[in-house]
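*Asks:* Let me give you the structure first, and then I'll get to my questions.
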Amino acid sequence: MPKVENRGQPLVYLETYGCQMNIADSELIGGILRRAGYGDAARPEDADVILINTCAIREHAEERVLGRLTDLARLKRRRPGLRLGLLGCMAQHNRAHLTQRAPYLDLVAGPDSYRRLPEFLGRGGFDPIVDVRLDRNETYAGLASAHEPGPRAYVTVMRGCDRFCTFCVVPYVRGRERSVAPEAVLEQCRELAGRGVKEVVLLGQTVNAYRAGEVDFGRLLRMIAQIDGIERIRFTSPHPCDMSDAVIEAMATEPKVQPYLHLPVQSGSDRMLAAMERGYSVAEYLDLVNRLRRAVPQLALSTDIIVGFHGEEPDDFAATLGLMREVGFDAAFTFKYSVREHTRAFKLGDTVSEEEKARRLSALIELQESIAAARNQAEIGRIREVLVEGPARRGAGMLSGKTPQFKTAAFPARANPGDLIAVRIVAATSHSLTAVPA
Ligand code: SF4
């Protein structure tokens, strides 16, 4: 790969796809490149280096990225000095095919290679650089990220996953579980508090499996809660099997830990849960929900659900609808199953047609919309504290912020981002709340 030309400060344009972990990784990459002397480009047209940080969880996401790369390759044809790199999960997942499918790529780097980006971008030569080694020890501890300004910040506390659910590529593209040392997590949170951040969202693929020596996730939550200036703590995504009493206790007794949990269930059928090797039954999941709600009465719950996994019969799907009704999730992220290469379910293939998956997905969404509308209607009349984020989309004078339950509220007020103010909920839809100052 030819070196980045030295014509003043080289500019990087970084585009991110996928989950919050990827957003946090992009902030980490931004920090690494800034320290190496790179500036930010607002548009790909202005950049010397374009990096796409990708997601491999769903086939659809990969196709979107390949389409985007084709667009960006046009810029490269006009400016051959422009460097184009693909980073993250898709780089790891598709390493064998990527340089053939996208021959204009100069760099393909997996999630454990970000420390070396300045070195790669500084290298000469004309062959693309491919670095997708997974590193069991890489946590990026102590490396400052280029956080977007705002009252909320993401803090990655663990990387990778050891669970190997049969449908999932994460353990293959992000490697094995590694926890960031608590001192490094605390240092990052203190630094964020110093910059005016009020809410930290702790990230990990199975975040509640965090363990560093004697410090488990419940203890980590309590340690972060001691930091002055950090007013709210959230975390995502916990695995139901790692939801220990210590974590539930910390949620119940530490006021800074917010009463909201994204607890992926994936299916309401024991047969499907066993085929996915999720490690719990429907009864165990429901028991956990009950224990959580007893401990944290104001708790809001969201989940992930996959429809049309290999072997899913109408009865299995009906059981998922039943579980949705029984739990009454505040929100659900619903997906059609897509077969992913390298996963254990790959060789099993698809047994549910695309039309049937689409039908099941719409039924699930319709049910969830009605449940979410009812749960939000129940908020009307309640006083909630919101963390002000900025102007709301819906009209002058309206601000937007999140309630402790992570519901978006719009309200007329004079306040600054980062302020915590009490509001009374006066109206609700399935997706948002309207409020007035209390
Ligand atoms: S717990 Fe399962 S679904 Fe979640 S990242 Fe790990 S393997 Fe994937």
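Note on naming: chains are A, B, ... as they come in the structure tokens, residues start from 1 per chain, ligands start from 1 in the order shown.
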Could you give me, as a ChimeraX atom specification, every polymer residue with an atom at most 6 Å away from an atom of ligand 1, counting only C-alpha atoms and all ligand atoms?
*Replies:* /A:161,163-165,168,170-171,205-206
*Asks:* So that I can check the surroundings of region 41-44 of chain A, please list as a PyMOL selection string every protein, DNA and RNA residue that reaches within 10 Å of it, counting only C-alpha atoms and ignoring chain neighbours fewer than 5 positions away.
*Replies:* chain A and resi 10-15+49-51+72+75+82
*Asks:* Just the selected residues (N, CA and C atoms), exported as a short mmCIF file (atom, residue, chain, number, x, y, z; two decimals), in the first residue's frame, please.
*Replies:*
data_model
loop_
_atom_site.label_atom_id
_atom_site.label_comp_id
_atom_site.auth_asym_id
_atom_site.auth_seq_id
_atom_site.Cartn_x
_atom_site.Cartn_y
_atom_site.Cartn_z
N PRO A 10 -2.60 14.86 7.35
CA PRO A 10 -3.51 14.00 6.59
C PRO A 10 -4.87 13.88 7.28
N LEU A 11 -5.93 13.81 6.51
CA LEU A 11 -7.28 13.79 7.07
C LEU A 11 -7.92 12.42 6.88
N VAL A 12 -8.62 11.96 7.93
CA VAL A 12 -9.26 10.65 7.90
C VAL A 12 -10.77 10.81 7.96
N TYR A 13 -11.45 10.10 7.10
CA TYR A 13 -12.90 10.03 7.18
C TYR A 13 -13.25 8.62 7.64
N LEU A 14 -13.98 8.53 8.75
CA LEU A 14 -14.28 7.22 9.35
C LEU A 14 -15.79 7.02 9.37
N GLU A 15 -16.24 5.93 8.79
CA GLU A 15 -17.68 5.66 8.72
C GLU A 15 -17.94 4.36 9.49
N VAL A 49 -7.51 9.50 3.80
CA VAL A 49 -7.73 8.10 4.19
C VAL A 49 -9.22 7.92 4.50
N ILE A 50 -9.83 6.91 3.90
CA ILE A 50 -11.22 6.59 4.25
C ILE A 50 -11.22 5.21 4.91
N LEU A 51 -11.78 5.14 6.11
CA LEU A 51 -11.85 3.87 6.82
C LEU A 51 -13.32 3.55 7.10
N LEU A 72 -17.28 4.41 -2.90
CA LEU A 72 -16.06 5.10 -2.47
C LEU A 72 -14.89 4.82 -3.43
N LEU A 75 -14.19 7.50 -5.91
CA LEU A 75 -13.33 8.61 -5.47
C LEU A 75 -11.86 8.24 -5.64
N LEU A 82 -5.61 8.44 -2.66
CA LEU A 82 -6.54 8.18 -1.55
C LEU A 82 -6.40 6.74 -1.06
#
*Asks:* As an exercise, work out the distance from CA of Pro118 (chain A) to CA of Asp48 (chain A) in Å and give it to one decimal place.
*Replies:*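 For CA of Pro118 (chain A) relative to CA of Asp48 (chain A), the distance reads 13.3 Å.
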*Asks:* Find the residues around Ala144 (chain A) up to 10 Å (only C-alpha atoms counted), leave out those fewer than 4 positions away in its own chain, and share them as an MDAnalysis selection string.
*Replies:* chainID A and resid 27:32 35 140 187:188 191
*Asks:* Using DSSP secondary structure from the backbone, list all alpha helix (DSSP H) positions within region 106-318 of chain A, as an MDAnalysis selection string.
*Replies:* chainID A and resid 117:122 170:174 182:194 217:225 245:253 270:276 282:295 314:318
